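Shown next: query-v5.tsv, given as TSV, C-alpha atoms.
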chain	number	residue	atom	x	y	z
N	1	MET	CA	24.48	17.81	4.19
N	2	LYS	CA	22.74	21.03	3.13
N	3	LYS	CA	25.49	21.76	0.63
N	4	ARG	CA	25.03	18.30	-0.89
N	5	LEU	CA	21.26	18.65	-1.05
N	6	LEU	CA	21.41	22.09	-2.62
N	7	ALA	CA	23.80	20.76	-5.24
N	8	ALA	CA	21.47	17.87	-5.99
N	9	GLY	CA	18.56	20.31	-6.12
N	10	LEU	CA	20.45	22.41	-8.68
N	11	ALA	CA	20.98	19.31	-10.79
N	12	GLY	CA	17.27	18.51	-10.58
N	13	ALA	CA	16.29	22.07	-11.51
N	14	MET	CA	18.66	22.17	-14.49
N	15	ALA	CA	17.14	18.88	-15.75
N	16	LEU	CA	13.54	19.71	-14.94
N	17	SER	CA	12.08	18.16	-18.07
N	18	LEU	CA	13.54	14.81	-17.04
N	19	THR	CA	12.64	14.79	-13.38
N	20	ALA	CA	9.54	16.90	-12.68
N	21	CYS	CA	6.05	15.35	-12.70
N	22	GLY	CA	4.12	16.17	-15.82
N	23	ALA	CA	6.87	18.29	-17.42
N	24	LYS	CA	6.36	18.24	-21.16
N	25	GLU	CA	8.40	21.02	-22.84
N	26	GLU	CA	12.12	21.51	-23.24
N	27	THR	CA	13.44	24.82	-21.85
N	28	ALA	CA	16.60	26.83	-22.28
N	29	ALA	CA	17.79	25.49	-18.95
N	30	THR	CA	17.49	21.88	-20.11
N	31	THR	CA	19.36	22.69	-23.32
N	32	ALA	CA	22.33	23.95	-21.32
N	33	ALA	CA	22.00	21.34	-18.60
N	34	PRO	CA	24.45	18.47	-19.34
N	35	ALA	CA	27.73	20.05	-18.21
N	36	ALA	CA	26.16	21.81	-15.23
N	37	THR	CA	24.25	18.70	-14.26
N	38	GLU	CA	27.38	16.54	-14.29
N	39	ALA	CA	29.30	19.11	-12.26
N	40	ALA	CA	26.48	19.30	-9.72
N	41	LYS	CA	26.30	15.52	-9.49
N	42	GLU	CA	30.05	15.30	-8.90
N	43	ALA	CA	29.82	17.92	-6.14
N	44	ALA	CA	26.87	16.09	-4.58
N	45	THR	CA	28.68	12.77	-4.63
N	46	GLU	CA	31.85	14.23	-3.11
N	47	ALA	CA	29.86	15.82	-0.27
N	48	ALA	CA	27.63	12.81	0.38
N	49	PRO	CA	28.11	10.90	3.66
N	50	ALA	CA	29.46	7.37	3.61
N	51	ALA	CA	26.62	4.83	3.61
N	52	ASP	CA	27.37	3.62	7.13
N	53	ASP	CA	27.29	7.25	8.36
N	54	ALA	CA	23.99	8.13	6.64
N	55	LYS	CA	21.13	8.99	9.00
N	56	VAL	CA	18.16	7.27	7.39
N	57	VAL	CA	15.03	7.52	9.54
N	58	VAL	CA	12.01	5.39	8.61
N	59	PHE	CA	8.64	6.38	10.04
N	60	TRP	CA	5.98	3.65	10.20
N	61	TYR	CA	2.33	4.46	10.80
N	62	ASP	CA	1.97	1.47	13.15
N	63	GLU	CA	4.03	-1.48	14.36
N	64	SER	CA	1.22	-4.05	14.34
N	65	ASP	CA	0.38	-4.06	10.62
N	66	VAL	CA	1.24	-7.59	9.40
N	67	TYR	CA	2.04	-6.68	5.81
N	68	LEU	CA	4.22	-3.75	6.83
N	69	GLY	CA	5.98	-6.01	9.31
N	70	SER	CA	7.07	-8.09	6.32
N	71	VAL	CA	8.13	-4.95	4.48
N	72	ARG	CA	10.12	-3.78	7.50
N	73	ASP	CA	11.97	-7.08	7.91
N	74	ALA	CA	12.88	-7.08	4.23
N	75	MET	CA	13.78	-3.38	4.23
N	76	ASN	CA	16.14	-3.75	7.19
N	77	LYS	CA	17.97	-6.48	5.27
N	78	GLU	CA	18.07	-4.37	2.11
N	79	PHE	CA	19.51	-1.42	4.01
N	80	GLU	CA	22.03	-3.65	5.78
N	81	ALA	CA	23.27	-4.91	2.41
N	82	LEU	CA	23.71	-1.27	1.36
N	83	GLY	CA	25.74	-0.45	4.47
N	84	ILE	CA	22.95	1.49	6.21
N	85	THR	CA	21.36	0.95	9.61
N	86	PRO	CA	17.95	2.66	9.51
N	87	ASP	CA	16.33	4.22	12.56
N	88	ASN	CA	12.79	2.78	12.63
N	89	GLN	CA	10.15	4.93	14.34
N	90	PHE	CA	6.58	3.80	15.09
N	91	ALA	CA	3.66	6.24	15.43
N	92	ALA	CA	1.03	3.87	16.90
N	93	ASN	CA	-1.43	5.07	14.23
N	94	ASN	CA	-1.23	8.64	15.57
N	95	GLN	CA	-0.35	11.43	13.14
N	96	SER	CA	0.61	13.88	15.89
N	97	THR	CA	3.07	11.34	17.27
N	98	GLN	CA	4.58	10.87	13.83
N	99	ILE	CA	4.97	14.64	13.31
N	100	ASP	CA	6.80	14.88	16.64
N	101	GLN	CA	9.08	12.01	15.60
N	102	ILE	CA	9.80	13.70	12.26
N	103	ASN	CA	10.65	17.02	13.94
N	104	THR	CA	13.03	15.21	16.30
N	105	ALA	CA	14.73	13.47	13.36
N	106	ILE	CA	15.12	16.77	11.51
N	107	ALA	CA	16.68	18.39	14.57
N	108	GLY	CA	18.96	15.36	14.89
N	109	GLY	CA	20.43	15.83	11.42
N	110	ALA	CA	18.60	13.17	9.40
N	111	ASP	CA	19.89	12.79	5.84
N	112	ILE	CA	16.56	11.49	4.53
N	113	LEU	CA	13.05	11.00	5.93
N	114	VAL	CA	11.37	7.79	4.73
N	115	VAL	CA	7.70	8.23	5.64
N	116	ASN	CA	4.82	5.76	5.87
N	117	GLN	CA	2.29	8.52	6.58
N	118	VAL	CA	-0.36	7.83	9.21
N	119	THR	CA	-3.20	9.73	7.55
N	120	SER	CA	-3.45	8.05	4.17
N	121	GLY	CA	-4.53	10.39	1.40
N	122	ALA	CA	-4.01	13.59	3.41
N	123	SER	CA	-2.07	15.89	1.09
N	124	ASP	CA	-2.11	18.73	3.65
N	125	THR	CA	-0.28	16.48	6.13
N	126	ALA	CA	2.28	15.56	3.47
N	127	GLU	CA	2.81	19.26	2.72
N	128	ASP	CA	3.36	19.97	6.43
N	129	ILE	CA	6.00	17.23	6.58
N	130	ILE	CA	7.71	18.55	3.45
N	131	ALA	CA	7.72	22.11	4.78
N	132	ALA	CA	9.25	20.98	8.07
N	133	ALA	CA	11.91	18.96	6.24
N	134	GLY	CA	13.19	21.96	4.29
N	135	ASP	CA	16.01	20.75	2.04
N	136	ILE	CA	16.07	17.26	3.59
N	137	PRO	CA	14.62	14.83	1.02
N	138	VAL	CA	11.44	12.97	1.90
N	139	LEU	CA	10.61	9.56	0.43
N	140	PHE	CA	6.98	8.69	1.14
N	141	PHE	CA	5.97	5.05	0.75
N	142	ASN	CA	3.03	2.62	0.89
N	143	ARG	CA	0.31	4.96	2.19
N	144	ALA	CA	-0.99	7.55	-0.29
N	145	ILE	CA	-0.19	11.22	0.25
N	146	GLY	CA	-3.20	12.51	-1.66
N	147	THR	CA	-6.41	11.64	-3.47
N	148	ASP	CA	-7.79	12.53	-6.90
N	149	GLY	CA	-4.49	13.86	-8.18
N	150	SER	CA	-3.60	15.98	-5.15
N	151	ASP	CA	-0.58	13.73	-4.55
N	152	VAL	CA	0.77	14.58	-7.99
N	153	ALA	CA	0.40	18.30	-7.24
N	154	VAL	CA	2.43	17.83	-4.05
N	155	LEU	CA	5.15	15.94	-5.89
N	156	GLU	CA	5.25	18.41	-8.78
N	157	ALA	CA	5.91	21.27	-6.37
N	158	ASN	CA	8.89	19.66	-4.62
N	159	SER	CA	12.02	18.40	-6.38
N	160	THR	CA	13.31	16.70	-3.19
N	161	ILE	CA	10.22	14.50	-2.74
N	162	ALA	CA	9.17	11.13	-4.15
N	163	PHE	CA	6.56	8.44	-3.51
N	164	ILE	CA	6.78	4.66	-3.78
N	165	GLY	CA	3.58	2.69	-3.45
N	166	THR	CA	1.03	0.74	-5.43
N	167	ASP	CA	-1.55	1.66	-8.06
N	168	ALA	CA	-4.42	1.81	-5.56
N	169	PRO	CA	-7.30	0.66	-7.80
N	170	ALA	CA	-5.31	-2.29	-9.19
N	171	ALA	CA	-5.74	-4.52	-6.14
N	172	GLY	CA	-9.50	-3.96	-6.14
N	173	HIS	CA	-9.76	-4.76	-9.85
N	174	MET	CA	-7.68	-7.94	-9.47
N	175	GLN	CA	-9.57	-9.07	-6.40
N	176	GLY	CA	-12.92	-8.36	-8.04
N	177	LYS	CA	-12.07	-10.48	-11.06
N	178	MET	CA	-10.79	-13.27	-8.82
N	179	ILE	CA	-14.00	-13.24	-6.78
N	180	GLY	CA	-16.23	-13.06	-9.83
N	181	ASP	CA	-14.47	-15.92	-11.62
N	182	TYR	CA	-14.61	-18.12	-8.51
N	183	ALA	CA	-18.27	-17.32	-7.85
N	184	VAL	CA	-19.27	-18.12	-11.43
N	185	ALA	CA	-17.44	-21.45	-11.32
N	186	ASN	CA	-18.79	-22.42	-7.90
N	187	PHE	CA	-22.11	-20.56	-7.66
N	188	ASP	CA	-24.33	-23.43	-6.56
N	189	ALA	CA	-21.85	-24.66	-3.92
N	190	ILE	CA	-21.46	-21.16	-2.45
N	191	ASP	CA	-25.24	-20.57	-2.33
N	192	LEU	CA	-25.91	-22.42	0.94
N	193	ASN	CA	-29.62	-21.58	1.29
N	194	LYS	CA	-30.29	-22.14	-2.43
N	195	ASP	CA	-32.12	-18.84	-2.84
N	196	GLY	CA	-30.38	-18.13	-6.15
N	197	SER	CA	-28.09	-15.39	-4.87
N	198	ILE	CA	-24.85	-15.14	-2.88
N	199	SER	CA	-24.84	-13.19	0.37
N	200	TYR	CA	-21.52	-11.47	1.13
N	201	ALA	CA	-19.76	-9.57	3.92
N	202	MET	CA	-17.14	-6.89	3.31
N	203	PHE	CA	-14.43	-5.79	5.77
N	204	LYS	CA	-13.04	-2.45	4.73
N	205	GLY	CA	-10.15	-1.67	7.08
N	206	ASP	CA	-9.45	2.03	7.61
N	207	GLU	CA	-12.40	4.20	6.57
N	208	ALA	CA	-10.32	6.99	4.99
N	209	ASN	CA	-7.46	4.93	3.55
N	210	VAL	CA	-7.17	5.35	-0.22
N	211	GLU	CA	-6.28	1.68	-0.77
N	212	ALA	CA	-9.25	0.57	1.33
N	213	ILE	CA	-11.62	2.85	-0.57
N	214	TYR	CA	-10.60	1.50	-3.99
N	215	ARG	CA	-10.48	-2.11	-2.85
N	216	THR	CA	-13.96	-1.81	-1.39
N	217	GLN	CA	-15.32	-0.25	-4.56
N	218	TYR	CA	-13.70	-2.36	-7.24
N	219	GLY	CA	-13.59	-5.64	-5.35
N	220	LEU	CA	-17.39	-5.61	-5.44
N	221	GLU	CA	-18.03	-3.81	-8.74
N	222	ASP	CA	-15.71	-6.00	-10.76
N	223	ALA	CA	-16.95	-9.22	-9.13
N	224	ASN	CA	-20.53	-8.27	-10.02
N	225	ALA	CA	-19.50	-7.40	-13.57
N	226	VAL	CA	-18.07	-10.90	-14.03
N	227	LEU	CA	-21.16	-12.52	-12.49
N	228	GLU	CA	-23.59	-10.51	-14.57
N	229	ALA	CA	-21.63	-11.19	-17.77
N	230	ALA	CA	-22.07	-14.90	-17.01
N	231	GLY	CA	-25.81	-14.48	-16.48
N	232	LYS	CA	-25.57	-14.74	-12.69
N	233	PRO	CA	-27.12	-12.33	-10.16
N	234	ALA	CA	-24.93	-9.78	-8.39
N	235	LEU	CA	-23.69	-10.38	-4.87
N	236	VAL	CA	-26.08	-9.23	-2.14
N	237	TYR	CA	-24.84	-7.62	1.09
N	238	PHE	CA	-25.93	-9.75	4.02
N	239	ASP	CA	-27.39	-6.90	6.13
N	240	ALA	CA	-29.94	-4.82	4.23
N	241	ALA	CA	-29.98	-2.24	7.03
N	242	ASN	CA	-26.30	-1.40	6.46
N	243	THR	CA	-26.40	0.97	3.50
N	244	ASP	CA	-22.58	1.29	3.45
N	245	CYS	CA	-22.39	-2.42	2.62
N	246	TYR	CA	-19.19	-2.93	4.62
N	247	GLN	CA	-17.88	-3.11	8.18
N	248	VAL	CA	-14.85	-0.98	9.05
N	249	ASP	CA	-12.15	-1.38	11.66
N	250	GLN	CA	-12.97	1.59	13.89
N	251	GLY	CA	-9.39	1.64	15.15
N	252	GLY	CA	-8.05	2.02	11.61
N	253	ALA	CA	-5.72	-0.94	12.10
N	254	TRP	CA	-7.17	-3.40	9.53
N	255	SER	CA	-6.97	-5.95	12.33
N	256	ALA	CA	-7.84	-9.62	12.55
N	257	ALA	CA	-9.42	-8.92	15.94
N	258	ALA	CA	-11.87	-6.40	14.46
N	259	ALA	CA	-12.95	-8.77	11.67
N	260	LYS	CA	-13.38	-11.68	14.08
N	261	GLU	CA	-15.47	-9.58	16.45
N	262	TYR	CA	-17.71	-8.46	13.61
N	263	MET	CA	-18.13	-12.01	12.31
N	264	ASP	CA	-18.89	-13.37	15.78
N	265	THR	CA	-21.63	-10.75	16.09
N	266	ASN	CA	-22.90	-11.33	12.55
N	267	PHE	CA	-23.28	-15.03	13.24
N	268	VAL	CA	-25.81	-14.35	16.01
N	269	SER	CA	-28.46	-13.32	13.47
N	270	TYR	CA	-26.99	-14.41	10.16
N	271	ASN	CA	-26.37	-18.13	10.10
N	272	GLU	CA	-27.20	-21.30	8.25
N	273	ALA	CA	-29.96	-22.28	10.66
N	274	ASN	CA	-31.78	-19.01	9.97
N	275	GLY	CA	-31.38	-19.45	6.23
N	276	ASN	CA	-29.50	-16.18	5.81
N	277	MET	CA	-25.89	-17.30	6.25
N	278	ILE	CA	-23.05	-15.08	5.00
N	279	GLU	CA	-21.87	-17.08	2.00
N	280	LEU	CA	-18.78	-15.18	0.82
N	281	ILE	CA	-16.37	-12.76	2.53
N	282	ILE	CA	-14.31	-9.97	0.96
N	283	CYS	CA	-11.50	-8.43	3.02
N	284	ASN	CA	-9.31	-5.44	2.21
N	285	ASN	CA	-6.27	-7.16	3.73
N	286	ASP	CA	-5.17	-10.60	4.85
N	287	GLY	CA	-5.21	-9.68	8.53
N	288	MET	CA	-8.97	-9.15	8.43
N	289	ALA	CA	-9.32	-12.31	6.35
N	290	GLU	CA	-7.54	-14.22	9.11
N	291	GLY	CA	-9.98	-12.85	11.69
N	292	ALA	CA	-13.00	-13.77	9.59
N	293	ILE	CA	-11.65	-17.28	9.07
N	294	ALA	CA	-11.00	-17.71	12.81
N	295	SER	CA	-14.67	-16.92	13.46
N	296	LEU	CA	-15.83	-19.27	10.70
N	297	GLN	CA	-13.69	-22.09	12.04
N	298	GLU	CA	-15.15	-21.71	15.52
N	299	LYS	CA	-18.54	-22.36	13.91
N	300	GLY	CA	-17.27	-25.42	12.04
N	301	TYR	CA	-16.62	-23.90	8.62
N	302	ASN	CA	-13.34	-23.71	6.64
N	303	THR	CA	-11.75	-26.47	8.70
N	304	GLY	CA	-10.94	-28.84	5.84
N	305	ASP	CA	-13.90	-31.01	6.79
N	306	GLY	CA	-17.23	-29.63	5.62
N	307	HIS	CA	-18.40	-26.43	3.95
N	308	VAL	CA	-15.93	-23.70	3.04
N	309	VAL	CA	-17.13	-20.09	2.96
N	310	PRO	CA	-14.91	-18.39	0.33
N	311	VAL	CA	-12.72	-15.70	1.90
N	312	PHE	CA	-10.62	-13.29	-0.17
N	313	GLY	CA	-7.94	-10.87	1.02
N	314	VAL	CA	-5.08	-8.65	-0.12
N	315	ASP	CA	-1.34	-8.84	0.69
N	316	ALA	CA	-0.36	-12.53	0.33
N	317	THR	CA	1.16	-12.63	3.80
N	318	ASP	CA	2.80	-15.86	4.94
N	319	ASN	CA	-0.20	-16.62	7.15
N	320	ALA	CA	-2.61	-16.10	4.26
N	321	LYS	CA	-0.55	-18.36	2.01
N	322	ALA	CA	-0.68	-21.05	4.69
N	323	LEU	CA	-4.46	-20.68	5.03
N	324	ILE	CA	-4.85	-20.96	1.26
N	325	ALA	CA	-2.66	-24.09	1.24
N	326	GLU	CA	-4.90	-25.57	3.94
N	327	GLY	CA	-8.06	-24.77	1.97
N	328	ALA	CA	-9.33	-22.36	4.65
N	329	MET	CA	-8.91	-19.27	2.45
N	330	THR	CA	-9.70	-18.97	-1.24
N	331	GLY	CA	-7.40	-16.28	-2.62
N	332	THR	CA	-5.55	-13.02	-2.11
N	333	ILE	CA	-3.76	-10.31	-4.07
N	334	LYS	CA	-0.02	-10.23	-3.60
N	335	GLN	CA	1.26	-6.88	-2.41
N	336	ASP	CA	4.97	-7.42	-2.90
N	337	ALA	CA	6.66	-6.79	0.47
N	338	GLN	CA	10.09	-7.70	-0.88
N	339	GLY	CA	9.60	-5.46	-3.88
N	340	MET	CA	8.41	-2.54	-1.78
N	341	ALA	CA	11.39	-2.93	0.56
N	342	ALA	CA	13.89	-3.12	-2.30
N	343	ALA	CA	12.47	-0.08	-4.08
N	344	VAL	CA	12.47	2.05	-0.93
N	345	ALA	CA	15.92	1.04	0.31
N	346	GLN	CA	17.64	1.34	-3.06
N	347	SER	CA	16.01	4.70	-3.78
N	348	ALA	CA	16.87	6.05	-0.33
N	349	LYS	CA	20.49	4.99	-0.77
N	350	ALA	CA	20.70	6.70	-4.16
N	351	ILE	CA	19.14	9.89	-2.77
N	352	VAL	CA	21.53	9.96	0.20
N	353	ASP	CA	24.37	9.57	-2.30
N	354	GLY	CA	23.22	12.74	-4.05
N	355	THR	CA	20.82	11.56	-6.76
N	356	ALA	CA	17.65	13.62	-7.21
N	357	PRO	CA	14.61	11.60	-6.05
N	358	ALA	CA	12.97	11.35	-9.48
N	359	GLU	CA	16.25	10.18	-10.98
N	360	ALA	CA	16.64	7.64	-8.18
N	361	LEU	CA	13.26	6.13	-9.05
N	362	ALA	CA	14.09	6.10	-12.75
N	363	GLY	CA	17.31	4.26	-11.94
N	364	LEU	CA	15.51	1.25	-10.45
N	365	LYS	CA	15.70	-1.57	-12.97
N	366	ASP	CA	13.22	-4.25	-11.99
N	367	GLU	CA	10.17	-5.64	-13.79
N	368	ARG	CA	8.19	-5.28	-10.57
N	369	PHE	CA	8.50	-1.49	-10.67
N	370	SER	CA	6.92	1.07	-12.99
N	371	LEU	CA	6.87	4.85	-13.00
N	372	ASP	CA	3.55	6.66	-13.03
N	373	ALA	CA	2.74	7.71	-16.59
N	374	GLU	CA	2.20	11.33	-15.56
N	375	CYS	CA	4.63	11.72	-12.67
N	376	ALA	CA	8.32	10.82	-12.68
N	377	SER	CA	8.49	11.15	-8.87
N	378	LYS	CA	5.93	8.39	-8.30
N	379	LEU	CA	6.74	4.70	-8.60
N	380	TYR	CA	4.46	1.68	-8.36
N	381	VAL	CA	5.26	-1.83	-7.09
N	382	ALA	CA	3.09	-4.31	-8.99
N	383	TYR	CA	0.26	-6.38	-7.50
N	384	ALA	CA	-0.43	-9.98	-8.59
N	385	PRO	CA	-3.22	-12.52	-7.92
N	386	TYR	CA	-2.37	-15.39	-5.57
N	387	THR	CA	-4.40	-18.58	-5.09
N	388	GLY	CA	-1.55	-20.91	-4.16
N	389	GLU	CA	-1.29	-22.36	-7.64
Please, can you express the file's structure as C-alpha cells?
Amino acid sequence: MKKRLLAAGLAGAMALSLTACGAKEETAATTAAPAATEAAKEAATEAAPAADDAKVVVFWYDESDVYLGSVRDAMNKEFEALGITPDNQFAANNQSTQIDQINTAIAGGADILVVNQVTSGASDTAEDIIAAAGDIPVLFFNRAIGTDGSDVAVLEANSTIAFIGTDAPAAGHMQGKMIGDYAVANFDAIDLNKDGSISYAMFKGDEANVEAIYRTQYGLEDANAVLEAAGKPALVYFDAANTDCYQVDQGGAWSAAAAKEYMDTNFVSYNEANGNMIELIICNNDGMAEGAIASLQEKGYNTGDGHVVPVFGVDATDNAKALIAEGAMTGTIKQDAQGMAAAVAQSAKAIVDGTAPAEALAGLKDERFSLDAECASKLYVAYAPYTGE
C-alpha cells in the first residue's frame, strides 16, 4: 500500500500545477511531467488493491444526525456498486473517540480514511489526523476542516488530502431569500398580533459549526434585505433579552428534541394570548424544524386546520418533505445526500485505485459538483431551494 501511495504522491508532485490548491505557475517539473506521470500512474494502478479488498474506513461524527443518516445509506449503496464494503465508525460527537478510531484504523492497514470530522472548522484537529495518517490518503467530507481560509492552507500543504462538502454560506443565502420572499408575500397573515412587525425564533444547531454560523448569519441578513427592499420592516427576535438572537443545541446534535424543548419553554411567555407570539421560525437543519413543528402542533398550530407559523429548515430530508407536503412546514434548502454520497464514494474508489486526490475530484463529471475556484482539492455539492413545488 505504501509503495502505491508513494507512487501516486510522485505523480501528484510532478503535476503540481494541476493538482495543488492555488498553484498558478508552470515549473520545470511540470514541463517534464507527462512521461513520468504516466509511469507513476501505471505503477500505482498495478500495486492498487482490488476493490473488494480495499480497506475503506468511514468515520462519522455521530450516528443520530438525520441528514447524515441519509448520506450513509446512499454511500453504502454507492460503495457496494463499486465493489467496496466500507467500515463505518461512529464517534458519538466526541473528537477524542474519533481520534482513537482513526488510530486503530491506521494500525489495521486502512487504505483510505474518509472523515466526517467531529469538531467542524478545527484545522488543528484536521492537521493532527493528517499527521497520524502519514502516507494514507484522507478524504474529509461534509463538516468543514477550517475557517477563514485555514482549510485551504491545510489542503495546500498535503497532496494526499481532499475535502468534499458544501459552500457553507450558500445555504444561508438561499434560505434567507426564501424567507424574505415568503414574508413579503404573506406579511399580514404572518403578523398575528398586527403590530406591524414579524417576531422570529432562530435555532442554530452546533455553536461552533461553520455551516451553522453562516446559516444563522445569512438566513437572517438576506431575509431582512428582501423585506427592507420591499418597504417592510426587518424581522424582530422574539426575546429582546437574548442578544445572540438564537437558541443553540447545547449538545451540538442539531436535534429535534432540543428545538422542541426550547419552543415548549418559549410558549410559556411568548404566545398569542400575551400578544407576543413567535410568528416565524428559522432552523439551521430540518431536524430542529421538526422539533419546532412538533411543539407548534401541540399548541394547535401547523395542523392543517388553523394558523400556520412559517418554519424553514435546511437539508430537505424525507420527513421535512412530508411536512411541507402536509402544509406544516414552509420550505427548506436541499442538501443533496445522494450527491454527497456519490462524490465521496467515487472519489474514494479512484484514490484507492491510485489516483491523486485532487485528480480524483477533477474526474467527477456531474452538474451537482463544482471545484473550489482557488483549491483543486476542495469540491462542493450544490444546494437548492425546496418548497415542494
Which residue is closest to Lys55 in chain N? Choose from N:Gly109, N:Gly69, N:Pro169, N:Gly149 and count only C-alpha atoms. N:Gly109
Counting only C-alpha atoms, find residues at most 10 Å from (-12.3, -10.5, -10.4) (file frame) and give them as a PyMOL selection string. chain N and resi 171-183+218-227+385
Selected residues written out, C-alpha atoms, as a PDB file, in the coordinates of the input:
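Heads up, here's the output in out33.pdb:
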ATOM      1  CA  ALA N 171      -5.740  -4.520  -6.140  1.00  0.00           C
ATOM      2  CA  GLY N 172      -9.500  -3.960  -6.140  1.00  0.00           C
ATOM      3  CA  HIS N 173      -9.760  -4.760  -9.850  1.00  0.00           C
ATOM      4  CA  MET N 174      -7.680  -7.940  -9.470  1.00  0.00           C
ATOM      5  CA  GLN N 175      -9.570  -9.070  -6.400  1.00  0.00           C
ATOM      6  CA  GLY N 176     -12.920  -8.360  -8.040  1.00  0.00           C
ATOM      7  CA  LYS N 177     -12.070 -10.480 -11.060  1.00  0.00           C
ATOM      8  CA  MET N 178     -10.790 -13.270  -8.820  1.00  0.00           C
ATOM      9  CA  ILE N 179     -14.000 -13.240  -6.780  1.00  0.00           C
ATOM     10  CA  GLY N 180     -16.230 -13.060  -9.830  1.00  0.00           C
ATOM     11  CA  ASP N 181     -14.470 -15.920 -11.620  1.00  0.00           C
ATOM     12  CA  TYR N 182     -14.610 -18.120  -8.510  1.00  0.00           C
ATOM     13  CA  ALA N 183     -18.270 -17.320  -7.850  1.00  0.00           C
ATOM     14  CA  TYR N 218     -13.700  -2.360  -7.240  1.00  0.00           C
ATOM     15  CA  GLY N 219     -13.590  -5.640  -5.350  1.00  0.00           C
ATOM     16  CA  LEU N 220     -17.390  -5.610  -5.440  1.00  0.00           C
ATOM     17  CA  GLU N 221     -18.030  -3.810  -8.740  1.00  0.00           C
ATOM     18  CA  ASP N 222     -15.710  -6.000 -10.760  1.00  0.00           C
ATOM     19  CA  ALA N 223     -16.950  -9.220  -9.130  1.00  0.00           C
ATOM     20  CA  ASN N 224     -20.530  -8.270 -10.020  1.00  0.00           C
ATOM     21  CA  ALA N 225     -19.500  -7.400 -13.570  1.00  0.00           C
ATOM     22  CA  VAL N 226     -18.070 -10.900 -14.030  1.00  0.00           C
ATOM     23  CA  LEU N 227     -21.160 -12.520 -12.490  1.00  0.00           C
ATOM     24  CA  PRO N 385      -3.220 -12.520  -7.920  1.00  0.00           C
TER      25      PRO N 385
END
Correct to one decimal, the distance CA of Asn271 in chain N-CA of Asp239 in chain N is 12.0 Å
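Going from CA of Thr166 in chain N over to CA of Gly327 in chain N, you cover 28.1 Å.
The space separating CA of Phe140 in chain N from CA of Phe59 in chain N comes to 9.3 Å.
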Counting all atoms listed in the file, the option among N:Gln95, N:Asn186, N:Ser197, N:Thr332 closest to Ala316 in chain N: N:Thr332
(-14.4, 1.0, 11.0) in this file's frame - what residues fall within 7 Å of it? Use only C-alpha atoms and give the answer as number ranges by chain. N: 205-207, 247-252
So, with all atoms listed in the file as the atoms that count, which of N:Ile164, N:Ala382, N:Val309, N:Leu155 lies closest to Tyr200 in chain N? N:Val309
Excluding same-chain residues fewer than 6 positions from Leu68 in chain N, what lies within 9 Å of it counting all atoms listed in the file, as an NGL selection string? :N and (60 or 62 or 142 or 337)
Polymer residues at most 12 Å from Ala153 in chain N, all atoms listed in the file, same-chain spacing of 6 or more positions, as a ChimeraX atom specification: /N:20-22,123-124,126-127,145-147,159,161-162,374-375,377-378
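By chain and then residue number, the residues within 7 Å of Asn285 in chain N are N:Trp254, N:Ala289, N:Gly313, N:Val314, N:Asp315, counting only C-alpha atoms and disregarding those fewer than 4 positions away in sequence.
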I'd like the neighbourhood of Tyr262 in chain N as a PyMOL selection string, where a residue qualifies if any of its atoms comes within 12 Å (using all atoms listed in the file), though same-chain residues fewer than 4 positions away should be ignored. chain N and resi 201-204+246-250+255-258+266-270+281+288-289+291-296
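Residue nearest Phe141 in chain N within the list N:Thr303, N:Asn94, N:Ser347, N:Asn116: N:Asn116 [criterion: smallest interatomic distance, only C-alpha atoms].
Comparing N:Thr85, N:Val352, N:Asn302, N:Ile99 by their smallest distance to Ile112 in chain N, the closest is N:Val352 (using all atoms listed in the file).
Remark: for Ser96 in chain N, the closest of the candidate residues N:Asp128, N:Glu359, N:Glu80, N:Asp167 is N:Asp128 (distances computed over only C-alpha atoms).
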Residue contacts of Ala342 in chain N (8 Å, only C-alpha atoms) excluding same-chain residues fewer than 2 positions away, as a VMD selection string: chain N and resid 74 to 75 78 338 to 340 344 to 346
Please complete range 62-72 of chain N with N, CA and C atoms and give it back as a CSV table (one decimal), keeping the file's coordinate frame.
chain,number,residue,atom,x,y,z
N,62,ASP,N,2.3,2.3,12.0
N,62,ASP,CA,2.0,1.5,13.2
N,62,ASP,C,2.9,0.2,13.1
N,63,GLU,N,3.1,-0.3,14.3
N,63,GLU,CA,4.0,-1.5,14.4
N,63,GLU,C,3.3,-2.8,14.2
N,64,SER,N,2.0,-2.8,14.3
N,64,SER,CA,1.2,-4.0,14.3
N,64,SER,C,0.7,-4.5,13.0
N,65,ASP,N,0.9,-3.7,11.9
N,65,ASP,CA,0.4,-4.1,10.6
N,65,ASP,C,1.2,-5.2,10.1
N,66,VAL,N,0.5,-6.4,9.8
N,66,VAL,CA,1.2,-7.6,9.4
N,66,VAL,C,2.0,-7.4,8.1
N,67,TYR,N,1.4,-6.9,7.1
N,67,TYR,CA,2.0,-6.7,5.8
N,67,TYR,C,3.3,-5.8,6.0
N,68,LEU,N,3.1,-4.7,6.7
N,68,LEU,CA,4.2,-3.8,6.8
N,68,LEU,C,5.3,-4.3,7.7
N,69,GLY,N,5.0,-5.3,8.6
N,69,GLY,CA,6.0,-6.0,9.3
N,69,GLY,C,6.9,-6.8,8.4
N,70,SER,N,6.3,-7.4,7.3
N,70,SER,CA,7.1,-8.1,6.3
N,70,SER,C,7.9,-7.1,5.5
N,71,VAL,N,7.4,-6.0,5.2
N,71,VAL,CA,8.1,-5.0,4.5
N,71,VAL,C,9.3,-4.5,5.3
N,72,ARG,N,9.1,-4.3,6.6
N,72,ARG,CA,10.1,-3.8,7.5
N,72,ARG,C,11.3,-4.8,7.6
